[in-house]
$ cat model-v5.cif   # mmCIF, C-alpha atoms and all ligand atoms
data_query
loop_
_atom_site.label_atom_id
_atom_site.label_comp_id
_atom_site.auth_asym_id
_atom_site.auth_seq_id
_atom_site.Cartn_x
_atom_site.Cartn_y
_atom_site.Cartn_z
CA MET T 313 99.93 68.83 82.60
CA THR T 314 98.13 72.11 83.21
CA GLY T 315 99.42 74.81 85.48
CA ARG T 316 97.63 76.82 88.11
CA ALA T 317 97.54 79.87 85.82
CA GLN T 318 97.35 77.94 82.54
CA ALA T 319 96.78 80.18 79.49
CA LYS T 320 95.82 83.16 81.63
CA ARG T 321 96.97 86.44 80.10
CA VAL T 322 98.44 88.37 83.03
CA LEU T 323 99.79 91.92 82.93
CA VAL T 324 102.44 92.58 85.60
CA THR T 325 103.43 96.23 86.04
CA GLY T 326 106.92 96.96 87.32
CA GLY T 327 107.58 93.43 86.12
CA ALA T 328 111.15 93.93 84.91
CA THR T 329 112.92 93.59 88.26
CA GLY T 330 112.38 92.94 91.96
CA LEU T 331 109.12 91.41 93.18
CA GLY T 332 107.48 91.97 89.79
CA ALA T 333 110.08 89.80 88.06
CA ALA T 334 109.63 87.02 90.65
CA ILE T 335 105.86 87.22 90.16
CA ALA T 336 106.24 87.11 86.36
CA ARG T 337 108.53 84.05 86.53
CA ARG T 338 106.26 82.16 88.96
CA LEU T 339 103.15 82.84 86.86
CA ALA T 340 104.95 81.73 83.69
CA GLU T 341 106.01 78.49 85.43
CA GLU T 342 102.32 77.82 86.02
CA GLY T 343 101.38 78.32 82.38
CA ALA T 344 100.42 82.00 82.27
CA VAL T 345 101.10 84.22 79.28
CA VAL T 346 102.90 87.01 81.11
CA LEU T 347 102.80 90.56 79.80
CA VAL T 348 105.67 92.40 81.45
CA ALA T 349 105.16 96.18 81.70
CA ASP T 350 107.78 98.58 82.98
CA ILE T 351 109.75 101.74 82.24
CA ALA T 352 112.95 99.66 82.39
CA GLU T 353 112.94 98.54 78.76
CA ALA T 354 116.14 96.47 78.58
CA ALA T 355 115.43 94.42 81.72
CA GLY T 356 111.75 94.05 80.82
CA THR T 357 112.45 92.88 77.28
CA ALA T 358 115.05 90.37 78.52
CA LEU T 359 112.70 88.92 81.12
CA ALA T 360 109.77 88.68 78.70
CA SER T 361 111.95 86.79 76.26
CA GLU T 362 113.24 84.48 79.04
CA ILE T 363 109.72 83.45 80.13
CA GLY T 364 108.06 83.43 76.70
CA GLY T 365 106.01 86.52 77.41
CA GLN T 366 105.75 89.97 75.90
CA PHE T 367 107.10 93.36 76.98
CA TYR T 368 105.12 96.61 76.96
CA ARG T 369 106.70 99.95 77.82
CA LEU T 370 104.37 101.51 80.37
CA ASP T 371 104.81 104.35 82.83
CA VAL T 372 101.96 103.51 85.21
CA SER T 373 101.47 107.16 86.21
CA SER T 374 100.55 108.10 82.62
CA GLU T 375 96.95 107.62 81.48
CA VAL T 376 98.06 107.93 77.85
CA ASP T 377 100.46 105.03 78.39
CA TRP T 378 97.71 102.92 79.98
CA GLU T 379 95.35 103.56 77.07
CA ALA T 380 98.06 102.55 74.59
CA ALA T 381 99.12 99.44 76.55
CA ILE T 382 95.58 98.11 77.00
CA ALA T 383 94.79 98.75 73.32
CA ALA T 384 97.98 96.92 72.32
CA ILE T 385 97.16 93.97 74.61
CA ALA T 386 93.60 93.76 73.24
CA HIS T 387 95.08 93.67 69.74
CA ASP T 388 97.97 91.28 70.48
CA CYS T 389 96.29 88.88 72.93
CA GLY T 390 92.55 89.30 72.29
CA GLY T 391 91.84 89.99 75.96
CA LEU T 392 93.19 90.07 79.49
CA ASP T 393 92.56 87.69 82.40
CA ALA T 394 94.49 89.32 85.22
CA LEU T 395 96.37 92.44 86.26
CA VAL T 396 99.08 92.74 88.92
CA ASN T 397 99.51 96.39 89.89
CA ASN T 398 103.02 95.92 91.26
CA ALA T 399 104.97 99.00 90.08
CA GLY T 400 105.78 101.26 92.99
CA ILE T 401 108.41 103.51 94.51
CA ALA T 402 109.31 104.31 98.10
CA SER T 403 112.24 106.58 98.53
CA SER T 404 112.16 110.30 98.34
CA LYS T 405 115.06 112.37 97.14
CA GLY T 406 115.14 114.09 100.51
CA GLY T 407 113.89 112.88 103.86
CA GLU T 408 110.52 111.30 104.25
CA ASP T 409 109.28 112.10 107.73
CA ILE T 410 106.37 114.48 108.23
CA GLU T 411 108.58 117.50 108.95
CA ARG T 412 110.88 117.06 105.96
CA ILE T 413 108.68 115.58 103.25
CA ASP T 414 109.02 117.54 100.03
CA LEU T 415 105.73 118.22 98.22
CA ALA T 416 107.20 117.20 94.86
CA ASP T 417 108.33 113.87 96.35
CA LEU T 418 104.90 113.32 97.91
CA HIS T 419 103.26 113.88 94.53
CA ARG T 420 105.78 111.64 92.73
CA ILE T 421 105.15 108.76 95.14
CA PHE T 422 101.38 109.16 94.88
CA ALA T 423 101.52 109.51 91.07
CA ILE T 424 103.20 106.13 90.66
CA ASN T 425 101.74 104.17 93.57
CA VAL T 426 98.18 105.50 93.74
CA ASP T 427 97.47 106.97 90.29
CA GLY T 428 99.25 103.98 88.73
CA THR T 429 97.07 101.47 90.57
CA ILE T 430 93.82 103.33 89.97
CA LEU T 431 94.59 103.90 86.27
CA GLY T 432 95.48 100.23 85.90
CA CYS T 433 92.14 99.16 87.35
CA LYS T 434 90.26 101.77 85.34
CA HIS T 435 91.66 100.70 81.99
CA ALA T 436 91.99 96.93 82.52
CA ILE T 437 88.51 96.32 83.93
CA PRO T 438 86.59 96.97 80.68
CA LEU T 439 88.86 94.57 78.77
CA MET T 440 88.62 91.85 81.45
CA ALA T 441 84.85 92.34 81.78
CA LYS T 442 84.42 91.40 78.12
CA SER T 443 85.38 87.82 78.97
CA GLY T 444 83.23 87.81 82.12
CA ARG T 445 86.05 87.08 84.54
CA GLY T 446 89.28 88.48 85.87
CA SER T 447 91.54 88.97 88.85
CA ILE T 448 93.33 92.12 89.97
CA VAL T 449 96.10 92.01 92.56
CA ASN T 450 97.34 95.31 93.98
CA LEU T 451 100.69 95.43 95.77
CA SER T 452 100.15 97.28 99.01
CA SER T 453 102.48 96.83 102.01
CA ILE T 454 102.53 96.31 105.74
CA ALA T 455 103.27 100.05 105.72
CA ALA T 456 99.54 100.42 105.00
CA LEU T 457 98.72 98.63 108.25
CA ILE T 458 101.32 99.86 110.75
CA PRO T 459 102.75 103.36 111.12
CA ALA T 460 106.30 104.04 109.95
CA ALA T 461 107.52 107.57 110.64
CA PHE T 462 110.38 107.32 108.12
CA VAL T 463 108.16 106.51 105.09
CA ILE T 464 105.19 108.78 105.62
CA ALA T 465 104.25 109.30 101.96
CA TYR T 466 104.86 105.67 101.04
CA GLY T 467 102.70 104.42 103.93
CA ALA T 468 99.89 106.82 103.02
CA SER T 469 100.03 105.73 99.38
CA LYS T 470 99.93 102.03 100.31
CA ALA T 471 96.99 102.57 102.71
CA THR T 472 95.17 104.27 99.84
CA ILE T 473 95.86 101.26 97.63
CA ALA T 474 94.42 98.90 100.27
CA HIS T 475 91.27 100.98 100.55
CA THR T 476 90.95 101.38 96.78
CA THR T 477 91.25 97.61 96.37
CA ARG T 478 88.14 97.01 98.46
CA SER T 479 86.19 99.69 96.59
CA VAL T 480 87.19 98.18 93.24
CA ALA T 481 86.23 94.70 94.49
CA LEU T 482 82.80 95.96 95.47
CA HIS T 483 82.34 97.87 92.21
CA CYS T 484 83.18 94.83 90.10
CA ALA T 485 80.97 92.52 92.18
CA GLN T 486 78.00 94.90 91.99
CA ALA T 487 78.49 95.30 88.24
CA GLY T 488 78.46 91.52 87.81
CA TYR T 489 81.77 91.52 85.94
CA GLY T 490 83.16 88.34 87.52
CA ILE T 491 86.30 90.31 88.35
CA ARG T 492 87.93 89.91 91.78
CA CYS T 493 90.29 92.46 93.34
CA ASN T 494 92.62 91.83 96.29
CA SER T 495 95.68 93.41 97.87
CA VAL T 496 98.93 91.74 98.91
CA HIS T 497 100.93 93.20 101.80
CA PRO T 498 104.61 92.19 101.78
CA GLY T 499 106.77 92.74 104.84
CA GLN T 500 110.36 93.40 103.78
CA VAL T 501 112.13 91.75 100.88
CA ARG T 502 115.69 92.75 99.92
CA THR T 503 114.96 94.26 96.50
CA ALA T 504 116.47 97.48 95.15
CA MET T 505 113.64 99.40 96.83
CA MET T 506 114.16 97.85 100.26
CA ASN T 507 117.93 98.20 100.07
CA THR T 508 117.52 101.93 99.38
CA ILE T 509 115.29 102.30 102.45
CA ILE T 510 117.75 100.40 104.65
CA GLU T 511 120.67 102.51 103.38
CA ARG T 512 118.77 105.72 104.12
CA VAL T 513 117.79 104.61 107.64
CA GLY T 514 121.41 103.55 108.27
CA ARG T 515 122.64 106.96 107.10
CA GLU T 516 120.05 109.05 108.95
CA THR T 517 120.53 107.19 112.26
CA ASN T 518 124.33 107.01 111.87
CA MET T 519 124.19 103.26 112.50
CA GLY T 520 125.31 102.38 108.97
CA THR T 521 123.76 100.10 106.37
CA ASP T 522 124.81 96.75 107.86
CA ALA T 523 123.47 97.54 111.33
CA ALA T 524 120.25 98.92 109.85
CA GLY T 525 119.84 95.71 107.81
CA THR T 526 120.33 93.61 110.93
CA LEU T 527 117.78 95.73 112.76
CA PHE T 528 115.25 95.32 109.94
CA ASP T 529 115.81 91.54 109.85
CA SER T 530 115.37 91.26 113.63
CA GLN T 531 111.82 92.60 113.26
CA ILE T 532 110.60 89.45 111.45
CA PRO T 533 109.05 87.08 114.04
CA LEU T 534 109.46 84.00 111.80
CA GLY T 535 113.18 84.68 112.10
CA CYS T 536 114.30 84.29 108.50
CA PRO T 537 114.50 86.69 105.56
CA GLN T 538 111.53 87.01 103.25
CA GLU T 539 112.18 86.05 99.62
CA PRO T 540 110.57 87.49 96.45
CA GLU T 541 109.12 84.03 95.80
CA ASP T 542 107.05 84.30 99.01
CA ILE T 543 105.20 87.21 97.42
CA ALA T 544 105.01 85.47 94.04
CA HIS T 545 103.29 82.42 95.59
CA ALA T 546 100.66 84.65 97.24
CA VAL T 547 99.98 86.50 93.97
CA LEU T 548 99.73 83.18 92.10
CA PHE T 549 97.03 82.01 94.52
CA LEU T 550 95.00 85.20 93.96
CA ILE T 551 95.34 84.94 90.17
CA SER T 552 94.48 81.24 90.08
CA ASP T 553 90.94 79.86 90.16
CA GLU T 554 91.71 78.42 93.61
CA SER T 555 90.80 81.86 94.97
CA ARG T 556 87.61 82.20 92.91
CA PHE T 557 85.56 83.23 95.99
CA VAL T 558 88.18 85.61 97.42
CA THR T 559 87.65 89.29 96.74
CA GLY T 560 88.39 92.49 98.66
CA THR T 561 90.79 90.70 100.97
CA GLN T 562 94.16 91.87 102.32
CA LEU T 563 96.67 89.03 102.11
CA ILE T 564 99.51 89.81 104.52
CA VAL T 565 102.80 88.04 103.71
CA ASP T 566 105.20 89.39 106.31
CA GLY T 567 106.56 86.60 108.51
CA GLY T 568 104.44 87.95 111.37
CA MET T 569 105.68 91.56 111.43
CA THR T 570 102.20 92.98 111.87
CA LEU T 571 101.69 90.71 114.90
CA THR T 572 104.21 92.65 116.95
CA ASN T 573 103.50 96.19 115.81
P1 LIG T 601 111.82 97.63 93.00
O1 LIG T 601 112.21 99.06 93.14
O2 LIG T 601 112.84 96.60 93.26
O3 LIG T 601 111.17 97.37 91.56
C1 LIG T 601 110.15 98.22 91.10
C2 LIG T 601 109.92 98.03 89.61
O4 LIG T 601 108.92 98.99 89.22
C3 LIG T 601 111.17 98.30 88.76
O5 LIG T 601 111.28 97.34 87.73
C4 LIG T 601 110.90 99.70 88.19
O6 LIG T 601 111.53 99.92 86.94
C5 LIG T 601 109.38 99.68 88.07
N1 LIG T 601 108.80 101.01 88.03
C6 LIG T 601 109.12 102.08 88.80
N2 LIG T 601 108.40 103.15 88.44
C7 LIG T 601 107.59 102.73 87.43
C8 LIG T 601 106.61 103.39 86.63
N3 LIG T 601 106.34 104.70 86.78
N4 LIG T 601 105.96 102.67 85.68
C9 LIG T 601 106.26 101.36 85.51
N5 LIG T 601 107.17 100.69 86.22
C10 LIG T 601 107.84 101.39 87.16
O7 LIG T 601 110.58 97.43 94.02
P2 LIG T 601 110.04 96.08 94.69
O8 LIG T 601 110.64 95.95 96.03
O9 LIG T 601 110.13 94.96 93.73
O10 LIG T 601 108.52 96.48 94.93
C11 LIG T 601 107.47 96.04 94.10
C12 LIG T 601 106.15 96.42 94.77
O11 LIG T 601 106.05 95.75 96.03
C13 LIG T 601 106.02 97.91 95.05
O12 LIG T 601 104.69 98.34 94.83
C14 LIG T 601 106.35 98.00 96.52
O13 LIG T 601 105.77 99.12 97.15
C15 LIG T 601 105.77 96.71 97.05
N6 LIG T 601 106.38 96.31 98.32
C16 LIG T 601 107.70 95.91 98.36
C17 LIG T 601 108.25 95.54 99.58
C18 LIG T 601 109.67 95.06 99.69
O14 LIG T 601 110.08 94.71 100.81
N7 LIG T 601 110.46 95.00 98.63
C19 LIG T 601 107.49 95.60 100.75
C20 LIG T 601 106.17 96.00 100.67
C21 LIG T 601 105.62 96.34 99.44
#

$ encode --input "model-v5.cif" --output "structure tokens" --more "lines below"
Ligand code: NAD
Amino acid sequence: MTGRAQAKRVLVTGGATGLGAAIARRLAEEGAVVLVADIAEAAGTALASEIGGQFYRLDVSSEVDWEAAIAAIAHDCGGLDALVNNAGIASSKGGEDIERIDLADLHRIFAINVDGTILGCKHAIPLMAKSGRGSIVNLSSIAALIPAAFVIAYGASKATIAHTTRSVALHCAQAGYGIRCNSVHPGQVRTAMMNTIIERVGRETNMGTDAAGTLFDSQIPLGCPQEPEDIAHAVLFLISDESRFVTGTQLIVDGGMTLTN
């Protein structure tokens, strides 16, 4: 029996934990050879071994790291069929509204979220183009589509990713590479990142973490929590050949949150 991502060599950044790990597991279930890349070496190595993949240490904000990782993948795997630019950060050390944002935090968030995504596309495209096909999935967010005063830098970085995705899609189409590029926009999934945001909102509003969590949950029109697997299924579709005519799209997976904002 063949899977929906059978034999596809897929690099997942930030793949050691959170949504990246769910994406890596789902792709492996469908036959992909998953290349887990992260700065979290222990968790990344353990996951790669669990799903029969390979781990690469990669700080997505470093161009030197990208050059080394893509060269290693070309050597180890002979090519690359897909890239999931999933690694990202949200929380600042200090506050993150427009009056309190710290310039160093702003740059740190952009370095990982925006530089990381652009560098990933830049260095993976030539390797994918050699085989005449490929799929890139960039993790954006509903924060790219609706304003959120408490994550100003994060929202700006995710809006940049959504815009960049469409530019990359057009570039690859015009170049005739056979490479598609799409963005996925999760709503809120209780990963380490989301828990940190909820804790901060609970602290800053004095409502506490539990009440802030309840407030966040109440904003999902479908009325149930979103699971990491919901994002993994969407990414699988965009990696699979089922989406062969889909490029430059923004796939929103948010239980309807953008409908009411
Ligand atoms: P997470 O914090 O739970 O996991 C992030 C992973 O990225 C970790 O394994 C971490 O080690 C890795 N990472 C961090 N910095 C890195 C770097 N410089 N280089 C390589 N790896 C690095 O986050 P998550 O919730 O799983 O989010 C994954 C992606 O989904 C992010 O891009 C995030 O913005 C996006 N997203 C998440 C949500 C959500 O509700 N969780 C909502 C919208 C968008």

$ residues_around --input "model-v5.cif" --residues "Ser374 in chain T" --least-positions-apart "6" --cutoff "10 Å" --atoms "all atoms listed in the file" --output "list in words"
Ala423, Ile424, Asp427, Gly428, Leu431 and Gly432 of chain T

$ write_last_selection --input "model-v5.cif" --atoms "C-alpha atoms" --output "mmCIF file, in the frame of the given file"
data_model
loop_
_atom_site.group_PDB
_atom_site.id
_atom_site.type_symbol
_atom_site.label_atom_id
_atom_site.label_comp_id
_atom_site.auth_asym_id
_atom_site.auth_seq_id
_atom_site.Cartn_x
_atom_site.Cartn_y
_atom_site.Cartn_z
ATOM 1 C CA ALA T 423 101.520 109.510 91.070
ATOM 2 C CA ILE T 424 103.200 106.130 90.660
ATOM 3 C CA ASP T 427 97.470 106.970 90.290
ATOM 4 C CA GLY T 428 99.250 103.980 88.730
ATOM 5 C CA LEU T 431 94.590 103.900 86.270
ATOM 6 C CA GLY T 432 95.480 100.230 85.900
#

$ residues_around --input "model-v5.cif" --residues "Thr314 in chain T" --least-positions-apart "2" --cutoff "8 Å" --atoms "only C-alpha atoms" --output "list in words"
Arg316, Gln318, Glu342 and Gly343 of chain T

$ residues_near_ligand --input "model-v5.cif" --ligand "ligand LIG 601 (chain T)" --cutoff "6 Å" --atoms "only C-alpha atoms and all ligand atoms" --output "ChimeraX atom specification"
/T:325-332,350-352,370-373,398-401,424,451-453,498-506

$ axis_aligned_box --input "model-v5.cif" --around "range 379-393 of chain T" --padding-each-side "3 Å" --output "AutoDock Vina command-line options"
--center_x 95.5 --center_y 95.6 --center_z 76.1 --size_x 13.3 --size_y 21.9 --size_z 18.7

$ closest_residue --input "model-v5.cif" --among "T:Asp529, T:Asp553, T:Asp566, T:Asp409" --to "His497 in chain T" --atoms "all atoms listed in the file"
T:Asp566

$ residues_around --input "model-v5.cif" --residues "Ala344 in chain T" --least-positions-apart "4" --cutoff "9 Å" --atoms "all atoms listed in the file" --output "PyMOL selection string"
chain T and resi 315-322+336+338-340+365

$ closest_residue --input "model-v5.cif" --among "T:Ala456, T:Ile437, T:Ala465, T:Ile509" --to "Leu415 in chain T" --atoms "only C-alpha atoms"
T:Ala465

$ residues_around --input "model-v5.cif" --residues "Glu353 in chain T" --least-positions-apart "3" --cutoff "9 Å" --atoms "only C-alpha atoms" --output "JSON, numbers by chain"
{"T": [328, 349, 350, 356, 357, 358, 367, 368, 369]}

$ closest_residue --input "model-v5.cif" --among "T:Ile491, T:Ala461, T:Val558, T:Ile564" --to "Glu411 in chain T" --atoms "only C-alpha atoms"
T:Ala461
